[in-house]
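> I am sharing work_34.json, which consists of JSON, C-alpha atoms:
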```json
[["chain", "number", "residue", "atom", "x", "y", "z"],
["A", 218, "MET", "CA", 80.09, 40.79, 6.36],
["A", 219, "ALA", "CA", 76.73, 42.54, 5.99],
["A", 220, "SER", "CA", 76.14, 40.93, 2.60],
["A", 221, "ARG", "CA", 75.99, 37.41, 4.09],
["A", 222, "PRO", "CA", 72.75, 37.96, 6.12],
["A", 223, "ILE", "CA", 71.18, 39.65, 3.08],
["A", 224, "SER", "CA", 72.08, 36.66, 0.88],
["A", 225, "LEU", "CA", 70.61, 34.23, 3.39],
["A", 226, "VAL", "CA", 67.37, 36.22, 3.51],
["A", 227, "LEU", "CA", 67.12, 36.22, -0.30],
["A", 228, "ILE", "CA", 67.73, 32.46, -0.47],
["A", 229, "THR", "CA", 65.04, 31.88, 2.18],
["A", 230, "VAL", "CA", 62.52, 34.02, 0.27],
["A", 231, "ILE", "CA", 63.26, 32.21, -3.00],
["A", 232, "LEU", "CA", 62.83, 28.78, -1.35],
["A", 233, "LEU", "CA", 59.51, 29.79, 0.25],
["A", 234, "ALA", "CA", 58.27, 31.12, -3.08],
["A", 235, "ALA", "CA", 59.18, 27.85, -4.79],
["A", 236, "ILE", "CA", 57.33, 25.83, -2.14],
["A", 237, "TYR", "CA", 54.19, 27.93, -2.55],
["A", 238, "LEU", "CA", 54.27, 27.60, -6.34],
["A", 239, "VAL", "CA", 54.40, 23.80, -6.00],
["A", 240, "VAL", "CA", 51.76, 23.45, -3.27],
["A", 241, "PHE", "CA", 49.46, 26.27, -4.46],
["A", 242, "PRO", "CA", 49.38, 26.37, -8.27],
["A", 243, "ASP", "CA", 46.54, 28.07, -10.13],
["A", 244, "ASP", "CA", 46.50, 31.34, -8.18],
["A", 245, "PHE", "CA", 47.08, 29.65, -4.82],
["A", 246, "LYS", "CA", 44.08, 27.33, -5.18],
["A", 247, "LEU", "CA", 44.96, 23.90, -3.79],
["A", 248, "THR", "CA", 43.90, 21.58, -6.58],
["A", 249, "GLU", "CA", 46.90, 19.34, -7.16],
["A", 250, "VAL", "CA", 49.69, 18.09, -4.93],
["A", 251, "PHE", "CA", 52.10, 15.78, -6.72],
["A", 252, "ALA", "CA", 54.72, 13.35, -5.48],
["A", 253, "GLY", "CA", 57.67, 12.25, -7.53],
["A", 254, "SER", "CA", 59.21, 13.74, -10.65],
["A", 255, "SER", "CA", 56.41, 12.80, -13.07],
["A", 256, "PRO", "CA", 53.00, 14.06, -11.87],
["A", 257, "PRO", "CA", 49.94, 12.43, -13.43],
["A", 258, "SER", "CA", 48.09, 14.22, -16.23],
["A", 259, "CYS", "CA", 45.22, 16.43, -15.11],
["A", 260, "ASP", "CA", 43.59, 17.09, -18.46],
["A", 261, "ASN", "CA", 40.42, 15.09, -17.82],
["A", 262, "GLY", "CA", 39.61, 14.89, -14.13],
["A", 263, "SER", "CA", 42.93, 13.65, -12.84],
["A", 264, "ALA", "CA", 43.76, 13.94, -9.18],
["A", 265, "ALA", "CA", 46.58, 15.03, -7.01],
["A", 266, "SER", "CA", 48.51, 12.37, -5.20],
["A", 267, "THR", "CA", 50.82, 12.15, -2.26],
["A", 268, "THR", "CA", 52.67, 8.97, -1.47],
["A", 269, "THR", "CA", 55.08, 9.82, 1.30],
["A", 270, "SER", "CA", 56.05, 7.19, 3.83],
["A", 271, "SER", "CA", 53.95, 8.73, 6.60],
["A", 272, "ALA", "CA", 50.67, 7.85, 4.89],
["A", 273, "VAL", "CA", 48.64, 5.16, 6.65],
["A", 274, "GLN", "CA", 49.71, 1.82, 5.22],
["A", 275, "LEU", "CA", 48.62, -1.34, 6.94],
["A", 276, "GLY", "CA", 50.17, -4.65, 6.03],
["A", 277, "ALA", "CA", 53.03, -7.08, 5.90],
["A", 278, "ALA", "CA", 56.53, -5.75, 6.42],
["A", 279, "ASP", "CA", 57.99, -8.23, 3.93],
["A", 280, "ALA", "CA", 56.95, -7.09, 0.46],
["A", 281, "ASP", "CA", 57.72, -10.52, -0.99],
["A", 282, "ALA", "CA", 55.06, -12.06, 1.27],
["A", 283, "VAL", "CA", 52.28, -9.73, 0.08],
["A", 284, "ASP", "CA", 49.70, -11.34, -2.21],
["A", 285, "LEU", "CA", 46.93, -8.75, -1.81],
["A", 286, "ARG", "CA", 47.03, -4.97, -2.20],
["A", 287, "VAL", "CA", 44.01, -2.78, -1.47],
["A", 288, "LEU", "CA", 43.49, 0.98, -1.75],
["A", 289, "ILE", "CA", 40.73, 2.57, 0.34],
["A", 290, "GLY", "CA", 39.70, 6.14, -0.44],
["A", 291, "ILE", "CA", 37.86, 7.87, 2.40],
["A", 292, "VAL", "CA", 35.58, 10.49, 0.89],
["A", 293, "THR", "CA", 35.58, 13.58, 3.08],
["A", 294, "VAL", "CA", 35.64, 17.39, 2.93],
["A", 295, "PRO", "CA", 38.53, 19.79, 3.52],
["A", 296, "GLY", "CA", 37.23, 21.16, 6.84],
["A", 297, "ALA", "CA", 36.90, 17.75, 8.54],
["A", 298, "TYR", "CA", 40.26, 17.97, 10.31],
["A", 299, "GLU", "CA", 39.22, 16.33, 13.57],
["A", 300, "ARG", "CA", 37.63, 13.38, 11.76],
["A", 301, "ARG", "CA", 40.75, 12.79, 9.66],
["A", 302, "ALA", "CA", 42.93, 12.92, 12.77],
["A", 303, "LEU", "CA", 40.69, 10.36, 14.46],
["A", 304, "LEU", "CA", 40.69, 8.08, 11.43],
["A", 305, "ARG", "CA", 44.48, 8.21, 11.18],
["A", 306, "LEU", "CA", 44.71, 7.08, 14.80],
["A", 307, "ALA", "CA", 42.04, 4.41, 14.40],
["A", 308, "TYR", "CA", 43.63, 2.85, 11.33],
["A", 309, "SER", "CA", 47.27, 3.17, 12.39],
["A", 310, "LEU", "CA", 46.59, 1.27, 15.64],
["A", 311, "GLN", "CA", 44.82, -1.67, 14.01],
["A", 312, "PRO", "CA", 46.45, -5.10, 13.84],
["A", 313, "ARG", "CA", 48.16, -5.60, 10.48],
["A", 314, "PRO", "CA", 46.54, -7.92, 7.96],
["A", 315, "VAL", "CA", 48.47, -11.04, 7.03],
["A", 316, "ARG", "CA", 50.19, -11.05, 3.61],
["A", 317, "ALA", "CA", 48.27, -7.96, 2.58],
["A", 318, "VAL", "CA", 48.76, -4.21, 2.30],
["A", 319, "VAL", "CA", 45.85, -1.82, 2.76],
["A", 320, "ASP", "CA", 46.61, 1.82, 1.89],
["A", 321, "VAL", "CA", 44.24, 4.45, 3.27],
["A", 322, "ARG", "CA", 43.87, 7.86, 1.57],
["A", 323, "PHE", "CA", 41.55, 10.81, 2.13],
["A", 324, "VAL", "CA", 39.72, 12.03, -0.98],
["A", 325, "LEU", "CA", 38.91, 15.73, -1.42],
["A", 326, "CYS", "CA", 37.82, 17.91, -4.30],
["A", 327, "THR", "CA", 39.42, 21.28, -5.06],
["A", 328, "VAL", "CA", 40.23, 23.16, -1.86],
["A", 329, "ASP", "CA", 38.91, 26.72, -2.17],
["A", 330, "LYS", "CA", 38.82, 28.36, 1.26],
["A", 331, "GLU", "CA", 41.90, 30.24, 2.40],
["A", 332, "GLU", "CA", 42.16, 28.51, 5.77],
["A", 333, "ASP", "CA", 41.66, 25.08, 4.21],
["A", 334, "ARG", "CA", 44.33, 25.69, 1.56],
["A", 335, "ILE", "CA", 46.92, 26.27, 4.26],
["A", 336, "LEU", "CA", 45.78, 23.62, 6.73],
["A", 337, "VAL", "CA", 45.28, 20.88, 4.13],
["A", 338, "ALA", "CA", 48.73, 21.68, 2.75],
["A", 339, "LEU", "CA", 50.14, 21.09, 6.24],
["A", 340, "GLU", "CA", 48.38, 17.70, 6.34],
["A", 341, "VAL", "CA", 49.88, 16.86, 2.96],
["A", 342, "ILE", "CA", 53.36, 17.69, 4.24],
["A", 343, "ALA", "CA", 52.91, 15.89, 7.57],
["A", 344, "HIS", "CA", 50.99, 12.78, 6.50],
["A", 345, "GLY", "CA", 51.09, 12.36, 2.72],
["A", 346, "ASP", "CA", 47.69, 10.68, 2.67],
["A", 347, "ILE", "CA", 45.59, 13.25, 0.78],
["A", 348, "LEU", "CA", 44.21, 12.94, -2.76],
["A", 349, "VAL", "CA", 42.91, 16.25, -4.12],
["A", 350, "LEU", "CA", 40.67, 15.66, -7.13],
["A", 351, "ASN", "CA", 40.06, 18.12, -9.93],
["A", 352, "CYS", "CA", 36.37, 18.59, -9.13],
["A", 353, "THR", "CA", 34.00, 20.76, -7.14],
["A", 354, "GLU", "CA", 33.18, 19.41, -3.67],
["A", 355, "ASN", "CA", 29.87, 17.54, -3.84],
["A", 356, "MET", "CA", 27.98, 14.55, -2.51],
["A", 357, "ASN", "CA", 26.09, 13.28, -5.56],
["A", 358, "ASP", "CA", 27.42, 15.21, -8.52],
["A", 359, "GLY", "CA", 30.40, 13.28, -9.78],
["A", 360, "LYS", "CA", 32.92, 12.91, -6.95],
["A", 361, "THR", "CA", 32.68, 9.12, -7.05],
["A", 362, "TYR", "CA", 33.45, 9.12, -10.77],
["A", 363, "ALA", "CA", 36.28, 11.62, -10.28],
["A", 364, "TYR", "CA", 37.89, 9.39, -7.67],
["A", 365, "PHE", "CA", 37.63, 6.02, -9.40],
["A", 366, "SER", "CA", 38.57, 7.42, -12.82],
["A", 367, "ALA", "CA", 41.69, 9.10, -11.39],
["A", 368, "VAL", "CA", 43.08, 6.05, -9.57],
["A", 369, "PRO", "CA", 44.49, 4.18, -12.62],
["A", 370, "ARG", "CA", 46.57, 7.22, -13.63],
["A", 371, "LEU", "CA", 47.73, 7.98, -10.11],
["A", 372, "PHE", "CA", 48.85, 4.44, -9.35],
["A", 373, "ALA", "CA", 49.68, 3.14, -12.83],
["A", 374, "ASP", "CA", 53.22, 2.28, -11.74],
["A", 375, "ARG", "CA", 51.95, -0.21, -9.17],
["A", 376, "PRO", "CA", 48.28, -1.15, -9.57],
["A", 377, "TYR", "CA", 46.26, -2.44, -6.65],
["A", 378, "ASP", "CA", 44.26, -5.66, -6.71],
["A", 379, "TYR", "CA", 41.19, -3.85, -5.35],
["A", 380, "VAL", "CA", 40.13, -0.23, -4.93],
["A", 381, "GLY", "CA", 37.50, 0.92, -2.45],
["A", 382, "LYS", "CA", 35.53, 4.00, -1.54],
["A", 383, "THR", "CA", 34.13, 4.66, 1.92],
["A", 384, "ASP", "CA", 32.65, 7.40, 4.11],
["A", 385, "ASP", "CA", 34.45, 9.18, 6.93],
["A", 386, "ASP", "CA", 31.90, 7.79, 9.40],
["A", 387, "THR", "CA", 32.83, 4.20, 8.51],
["A", 388, "TYR", "CA", 35.45, 2.13, 10.27],
["A", 389, "TYR", "CA", 36.92, -0.78, 8.29],
["A", 390, "ARG", "CA", 38.59, -3.63, 10.15],
["A", 391, "VAL", "CA", 41.39, -4.10, 7.65],
["A", 392, "ALA", "CA", 42.46, -7.61, 8.67],
["A", 393, "SER", "CA", 38.86, -8.83, 8.30],
["A", 394, "LEU", "CA", 38.57, -6.94, 5.03],
["A", 395, "ALA", "CA", 41.70, -8.58, 3.64],
["A", 396, "ASP", "CA", 40.46, -12.01, 4.71],
["A", 397, "SER", "CA", 37.09, -11.36, 3.06],
["A", 398, "LEU", "CA", 38.80, -10.45, -0.23],
["A", 399, "ARG", "CA", 41.44, -13.16, -0.33],
["A", 400, "GLY", "CA", 40.44, -15.91, -2.71],
["A", 401, "LYS", "CA", 37.78, -13.78, -4.38],
["A", 402, "ALA", "CA", 37.69, -12.99, -8.11],
["A", 403, "ARG", "CA", 40.07, -10.27, -9.24],
["A", 404, "ARG", "CA", 38.02, -9.37, -12.27],
["A", 405, "ASP", "CA", 34.54, -7.84, -12.27],
["A", 406, "ALA", "CA", 34.47, -7.94, -8.46],
["A", 407, "TYR", "CA", 31.99, -5.81, -6.49],
["A", 408, "HIS", "CA", 32.27, -6.16, -2.72],
["A", 409, "GLY", "CA", 30.32, -4.51, 0.10],
["A", 410, "TYR", "CA", 26.89, -4.52, 1.71],
["A", 411, "LEU", "CA", 23.94, -5.00, -0.65],
["A", 412, "THR", "CA", 21.09, -2.62, 0.01],
["A", 413, "PRO", "CA", 18.12, -2.52, 0.36],
["A", 414, "CYS", "CA", 18.77, -5.71, 2.28],
["A", 415, "HIS", "CA", 16.65, -8.78, 1.53],
["A", 416, "TRP", "CA", 14.95, -7.05, -1.40],
["A", 417, "LEU", "CA", 14.75, -7.50, -5.16],
["A", 418, "PRO", "CA", 18.25, -8.48, -6.38],
["A", 419, "GLU", "CA", 17.87, -6.46, -9.58],
["A", 420, "LYS", "CA", 17.28, -3.32, -7.48],
["A", 421, "GLN", "CA", 20.16, -3.77, -5.05],
["A", 422, "TYR", "CA", 23.49, -1.93, -4.98],
["A", 423, "MET", "CA", 26.36, -1.67, -2.53],
["A", 424, "SER", "CA", 25.70, 0.69, 0.36],
["A", 425, "GLY", "CA", 27.70, 3.90, 0.42],
["A", 426, "MET", "CA", 29.17, 2.89, 3.79],
["A", 427, "GLY", "CA", 31.91, 1.31, 1.71],
["A", 428, "TYR", "CA", 32.40, -0.80, -1.39],
["A", 429, "ILE", "CA", 35.35, -2.25, -3.23],
["A", 430, "VAL", "CA", 35.90, -3.23, -6.85],
["A", 431, "SER", "CA", 38.69, -5.04, -8.66],
["A", 432, "TRP", "CA", 41.33, -3.05, -10.54],
["A", 433, "ASP", "CA", 39.91, -3.92, -13.97],
["A", 434, "VAL", "CA", 36.61, -2.25, -12.99],
["A", 435, "VAL", "CA", 38.45, 0.92, -12.00],
["A", 436, "ALA", "CA", 40.35, 0.86, -15.31],
["A", 437, "TRP", "CA", 37.06, 0.44, -17.18],
["A", 438, "ILE", "CA", 35.56, 3.46, -15.38],
["A", 439, "ALA", "CA", 38.59, 5.57, -16.36],
["A", 440, "GLU", "CA", 38.19, 4.44, -19.99],
["A", 441, "THR", "CA", 34.45, 5.23, -20.06],
["A", 442, "PRO", "CA", 34.12, 9.05, -19.87],
["A", 443, "GLU", "CA", 30.36, 8.97, -20.55],
["A", 444, "LEU", "CA", 29.92, 7.73, -16.98],
["A", 445, "ARG", "CA", 30.90, 11.19, -15.76],
["A", 446, "ASP", "CA", 27.45, 12.55, -16.61],
["A", 447, "ASP", "CA", 25.51, 9.36, -15.97],
["A", 448, "HIS", "CA", 24.12, 10.25, -12.53],
["A", 449, "ASP", "CA", 20.42, 10.77, -11.91],
["A", 450, "ASP", "CA", 20.23, 9.29, -8.41],
["A", 451, "TRP", "CA", 22.42, 8.82, -5.34],
["A", 452, "GLU", "CA", 25.95, 8.18, -6.59],
["A", 453, "ASP", "CA", 26.14, 4.75, -4.99],
["A", 454, "VAL", "CA", 22.90, 3.74, -6.75],
["A", 455, "ASN", "CA", 24.34, 5.03, -10.01],
["A", 456, "PHE", "CA", 27.58, 3.14, -9.45],
["A", 457, "GLY", "CA", 25.74, -0.17, -9.25],
["A", 458, "GLY", "CA", 23.86, 0.85, -12.39],
["A", 459, "TRP", "CA", 27.11, 1.53, -14.23],
["A", 460, "LEU", "CA", 28.34, -1.98, -13.48],
["A", 461, "ARG", "CA", 25.10, -3.54, -14.68],
["A", 462, "LYS", "CA", 25.00, -1.52, -17.91],
["A", 463, "GLY", "CA", 28.69, -2.18, -18.56],
["A", 464, "GLY", "CA", 28.43, -5.93, -18.01],
["A", 465, "ARG", "CA", 30.61, -5.68, -14.89],
["A", 466, "TYR", "CA", 28.02, -6.75, -12.33],
["A", 467, "LYS", "CA", 29.29, -10.31, -12.16],
["A", 468, "ASN", "CA", 31.25, -11.32, -9.07],
["A", 469, "VAL", "CA", 29.16, -9.72, -6.34],
["A", 470, "TYR", "CA", 30.13, -10.30, -2.71],
["A", 471, "ASN", "CA", 27.68, -9.28, 0.00],
["A", 472, "GLU", "CA", 29.24, -8.93, 3.47],
["A", 473, "GLU", "CA", 25.98, -8.92, 5.45],
["A", 474, "PRO", "CA", 25.99, -9.15, 8.48],
["A", 475, "ARG", "CA", 29.69, -8.26, 8.84],
["A", 476, "MET", "CA", 29.09, -4.76, 7.45],
["A", 477, "TYR", "CA", 26.43, -2.80, 9.29],
["A", 478, "ASP", "CA", 25.28, 0.46, 10.85],
["A", 479, "TYR", "CA", 26.19, 1.22, 14.45],
["A", 480, "TRP", "CA", 23.66, 0.34, 17.15],
["A", 481, "ASP", "CA", 23.65, 0.39, 20.93],
["A", 482, "ARG", "CA", 20.97, -0.05, 23.57],
["A", 483, "GLU", "CA", 20.71, 3.67, 24.27],
["A", 484, "MET", "CA", 19.52, 4.42, 20.75],
["A", 485, "ASP", "CA", 15.88, 4.97, 19.90],
["A", 486, "ALA", "CA", 16.05, 2.53, 17.00],
["A", 487, "ASP", "CA", 15.39, -1.16, 16.49],
["A", 488, "VAL", "CA", 17.84, -3.82, 15.39],
["A", 489, "ASN", "CA", 17.29, -4.90, 11.80],
["A", 490, "CYS", "CA", 19.14, -6.41, 8.83],
["A", 491, "PHE", "CA", 21.50, -3.44, 8.47],
["A", 492, "ARG", "CA", 21.73, -2.12, 12.05],
["A", 493, "HIS", "CA", 22.86, -4.23, 15.01],
["A", 494, "GLU", "CA", 25.42, -4.69, 17.77],
["A", 495, "HIS", "CA", 29.14, -5.00, 17.13],
["A", 496, "ARG", "CA", 30.50, -8.36, 16.01],
["A", 497, "ALA", "CA", 33.99, -9.77, 16.54],
["A", 498, "ASP", "CA", 34.24, -10.65, 12.82],
["A", 499, "THR", "CA", 33.22, -7.17, 11.63],
["A", 500, "VAL", "CA", 34.42, -5.97, 8.24],
["A", 501, "ALA", "CA", 33.03, -2.43, 8.60],
["A", 502, "VAL", "CA", 30.89, -0.35, 10.98],
["A", 503, "HIS", "CA", 28.98, 2.63, 9.59],
["A", 504, "LYS", "CA", 27.26, 5.73, 10.95],
["A", 505, "LEU", "CA", 29.85, 6.61, 13.56],
["A", 506, "LYS", "CA", 28.55, 10.17, 13.59],
["A", 507, "ASP", "CA", 29.96, 11.38, 16.90],
["A", 508, "ARG", "CA", 32.87, 10.88, 19.29],
["A", 509, "LEU", "CA", 30.95, 8.62, 21.65],
["A", 510, "LYS", "CA", 30.06, 6.15, 18.90],
["A", 511, "TRP", "CA", 33.67, 6.13, 17.76],
["A", 512, "ALA", "CA", 34.92, 5.68, 21.32],
["A", 513, "ARG", "CA", 32.58, 2.76, 22.02],
["A", 514, "THR", "CA", 33.44, 1.13, 18.72],
["A", 515, "LEU", "CA", 37.19, 1.46, 19.22],
["A", 516, "HIS", "CA", 36.84, 0.17, 22.78],
["A", 517, "PHE", "CA", 34.91, -2.89, 21.57],
["A", 518, "PHE", "CA", 37.73, -3.71, 19.15],
["A", 519, "ASN", "CA", 40.40, -3.24, 21.85],
["A", 520, "ALA", "CA", 42.04, -0.28, 20.16],
["A", 521, "THR", "CA", 43.50, 0.79, 23.51],
["A", 522, "GLN", "CA", 45.20, -2.54, 24.23],
["A", 523, "GLY", "CA", 48.59, -0.97, 23.55],
["A", 524, "LEU", "CA", 48.21, 1.37, 26.53],
["A", 525, "ARG", "CA", 50.90, 0.66, 29.11],
["A", 526, "PRO", "CA", 50.85, 1.55, 32.84],
["A", 527, "SER", "CA", 52.61, 4.78, 33.67],
["A", 528, "LYS", "CA", 52.91, 7.14, 36.59],
["A", 529, "MET", "CA", 52.08, 9.95, 34.15],
["A", 530, "TYR", "CA", 48.41, 9.03, 33.92],
["A", 531, "HIS", "CA", 45.68, 6.72, 35.09],
["A", 532, "LEU", "CA", 42.97, 5.67, 32.66],
["A", 533, "ASP", "CA", 40.01, 3.67, 33.96],
["A", 534, "LEU", "CA", 38.59, 2.66, 30.61],
["A", 535, "GLU", "CA", 35.87, 0.40, 32.00],
["A", 536, "ASN", "CA", 34.37, 3.12, 34.20],
["A", 537, "ASN", "CA", 35.11, 6.01, 31.83],
["A", 538, "ILE", "CA", 37.19, 7.84, 34.42],
["A", 539, "TYR", "CA", 40.30, 9.77, 33.50],
["A", 540, "ARG", "CA", 42.67, 11.44, 35.89],
["A", 541, "VAL", "CA", 46.33, 12.46, 36.16]]
```
Would you mind writing the file's structure down as structure tokens?


Amino acid sequence: MASRPISLVLITVILLAAIYLVVFPDDFKLTEVFAGSSPPSCDNGSAASTTTSSAVQLGAADADAVDLRVLIGIVTVPGAYERRALLRLAYSLQPRPVRAVVDVRFVLCTVDKEEDRILVALEVIAHGDILVLNCTENMNDGKTYAYFSAVPRLFADRPYDYVGKTDDDTYYRVASLADSLRGKARRDAYHGYLTPCHWLPEKQYMSGMGYIVSWDVVAWIAETPELRDDHDDWEDVNFGGWLRKGGRYKNVYNEEPRMYDYWDREMDADVNCFRHEHRADTVAVHKLKDRLKWARTLHFFNATQGLRPSKMYHLDLENNIYRV
């Protein structure tokens, strides 16, 4: 009888060891988290992918009705747990776009810190919406290339029509985004907010708040390894330069004024071509740097409309009063 508890303990230890070897390869450094039986190659900047059903996916329930598929990669850092939690809420509660699917993923580079390795792994298990790229965390030293070049390998089995990159202080309205993309070119497409606004066209590029390209552009980036080291400016400036040099700067779609930086009357800043009040037809709002800006933005877009009366709480959203 005593051997049975011992056997159960040994089985438990073996299972835990197997889980750690899968989640923490390379001496417990979280660099790759694969889904499925055939993980993508990682020999030249490939990324880790998770595609479990809990990942944020916004779109039509009937797959046969879908005529537009979009991937949005939110560039963030491992330690930004609160921001990722907020973004998951904000996107999961949005109205679904019609005949479109918009998949939202968080994009990280190699996770080095001990606490982040464990906590990010928990997010992977719980949400399945993390891409961990084989790169060193950075802002302007190749993360954009690492992301776009990895996407064709990660999603080769079911390519998207468009692939986007955005910041974690940007809030896309996915139904408006889908509407803005529907009917647009699906080759050599470059969609976003042209900056500097109202300036020389040959000097403009899509603002880092968020931009989207067609799948063929992403495939071209993956097939052009020399782009990896072609960065002598802000990465978003360089990205526009890549498209020009590669003959891909063709179907350019500027979403001004539907993409813009946050502004309210309490700010010590003037309204201008890139910063103004919220609009009902917004595609994306940028520079949501703190909770109050997020709260006001989500309130404007009626994110709390699903709240139902209950004796368990009383929320006075108009007067910012909360009590139980």

> Which segment 296-404 of chain A residues have any atom within 10 Å of an atom of segment 481-502 of chain A, and for each, what is the nearest pair of atoms with distance in Å to one decimal, counting all atoms listed in the file, rows sorted by chain and number, as CSV?


```
residue,atom,partner,partner_atom,distance
A:Thr383,CA,A:Ala501,CA,9.8
A:Asp386,CA,A:Val502,CA,8.4
A:Thr387,CA,A:Val502,CA,5.5
A:Tyr388,CA,A:Val502,CA,5.2
A:Tyr389,CA,A:Ala501,CA,4.2
A:Arg390,CA,A:Val500,CA,5.1
A:Val391,CA,A:Val500,CA,7.2
A:Ala392,CA,A:Val500,CA,8.2
A:Ser393,CA,A:Val500,CA,5.3
A:Leu394,CA,A:Val500,CA,5.3
A:Ala395,CA,A:Val500,CA,9.0
A:Asp396,CA,A:Val500,CA,9.2
A:Ser397,CA,A:Val500,CA,7.9
```

> Can you work out which one of A:Trp480, A:Tyr530, A:Asp358, A:Ser366 has the shortest atom-to-atom distance to Leu509 of chain A, counting only C-alpha atoms?

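Closest candidate: A:Trp480.
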
> Could you jot down the atom CA of Met423 of chain A to atom CA of Tyr470 of chain A separation for me, Å, one decimal place?

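Straight-line distance from atom CA of Met423 of chain A to atom CA of Tyr470 of chain A works out to 9.4 Å.
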
> So what do you get for atom CA of Arg322 of chain A versus atom CA of Asp478 of chain A, distance-wise?

22.1 Å

> Check the smallest atom-to-atom distance from each of A:Val430, A:Val315, A:Pro413, A:Leu303 to Ile289 of chain A using all atoms listed in the file, then report the winner.

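Selected residue with least distance to Ile289 of chain A: A:Val430.
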
> What's the separation between atom CA of Arg399 of chain A and atom CA of Arg475 of chain A, in Å to one decimal place?

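For atom CA of Arg399 of chain A relative to atom CA of Arg475 of chain A, the distance reads 15.7 Å.
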
> Which one is closest to Ala338 of chain A: A:Trp451, A:Tyr298, A:Tyr466, A:Tyr362? Count all atoms listed in the file.

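Result for the nearest residue to Ala338 of chain A: A:Tyr298.
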
> Counting all atoms listed in the file, figure out which residue out of A:Thr353, A:Tyr479, A:Glu443, A:Pro312 gets nearest to Ala512 of chain A.

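That would be A:Tyr479, the residue with the smallest distance to Ala512 of chain A.
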
> Please determine the residues with any atom at most 7 Å from (26.5, 10.0, -4.9) (coordinates as given in the file, with all atoms listed in the file counting) and report them as an NGL selection string.

:A and (356-358 or 361 or 451-453)

> With C-alpha atoms retained, write the just-selected residues as a PDB file, in the frame of the given file.


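Writing done, so here's out-v8.pdb:
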```pdb
ATOM      1  CA  MET A 356      27.980  14.550  -2.510  1.00  0.00           C
ATOM      2  CA  ASN A 357      26.090  13.280  -5.560  1.00  0.00           C
ATOM      3  CA  ASP A 358      27.420  15.210  -8.520  1.00  0.00           C
ATOM      4  CA  THR A 361      32.680   9.120  -7.050  1.00  0.00           C
ATOM      5  CA  TRP A 451      22.420   8.820  -5.340  1.00  0.00           C
ATOM      6  CA  GLU A 452      25.950   8.180  -6.590  1.00  0.00           C
ATOM      7  CA  ASP A 453      26.140   4.750  -4.990  1.00  0.00           C
TER       8      ASP A 453
END
```

> Between A:Val283, A:Leu515, A:Leu532, A:Ala439, which residue has the minimum interatomic distance to Leu306 of chain A, considering all atoms listed in the file?

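For Leu306 of chain A, the nearest of the candidates is A:Leu515.
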
> Taking the partial coordinates given, rebuild segment 510-519 of chain A to contain N, CA, C and O atoms; return it as a CSV table (one decimal), in the frame of the given file.


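What landed in result-v1.csv:
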```
chain,number,residue,atom,x,y,z
A,510,LYS,N,30.2,7.4,19.7
A,510,LYS,CA,30.1,6.2,18.9
A,510,LYS,C,31.4,5.6,18.5
A,510,LYS,O,31.7,4.4,18.5
A,511,TRP,N,32.3,6.5,18.1
A,511,TRP,CA,33.7,6.1,17.8
A,511,TRP,C,34.4,5.5,19.0
A,511,TRP,O,35.0,4.5,18.9
A,512,ALA,N,34.2,6.2,20.1
A,512,ALA,CA,34.9,5.7,21.3
A,512,ALA,C,34.4,4.3,21.7
A,512,ALA,O,35.2,3.4,22.0
A,513,ARG,N,33.1,4.1,21.7
A,513,ARG,CA,32.6,2.8,22.0
A,513,ARG,C,33.0,1.7,21.0
A,513,ARG,O,33.3,0.5,21.4
A,514,THR,N,33.0,2.1,19.8
A,514,THR,CA,33.4,1.1,18.7
A,514,THR,C,34.9,0.8,18.9
A,514,THR,O,35.3,-0.4,18.8
A,515,LEU,N,35.8,1.7,19.1
A,515,LEU,CA,37.2,1.5,19.2
A,515,LEU,C,37.5,0.7,20.5
A,515,LEU,O,38.3,-0.2,20.5
A,516,HIS,N,36.7,0.9,21.5
A,516,HIS,CA,36.8,0.2,22.8
A,516,HIS,C,36.4,-1.3,22.6
A,516,HIS,O,37.1,-2.2,23.1
A,517,PHE,N,35.4,-1.5,21.8
A,517,PHE,CA,34.9,-2.9,21.6
A,517,PHE,C,36.0,-3.7,20.9
A,517,PHE,O,36.2,-4.9,21.1
A,518,PHE,N,36.7,-3.0,19.9
A,518,PHE,CA,37.7,-3.7,19.2
A,518,PHE,C,39.1,-3.6,19.8
A,518,PHE,O,40.1,-3.8,19.1
A,519,ASN,N,39.2,-3.2,21.1
A,519,ASN,CA,40.4,-3.2,21.8
A,519,ASN,C,41.5,-2.3,21.3
A,519,ASN,O,42.7,-2.7,21.3
```
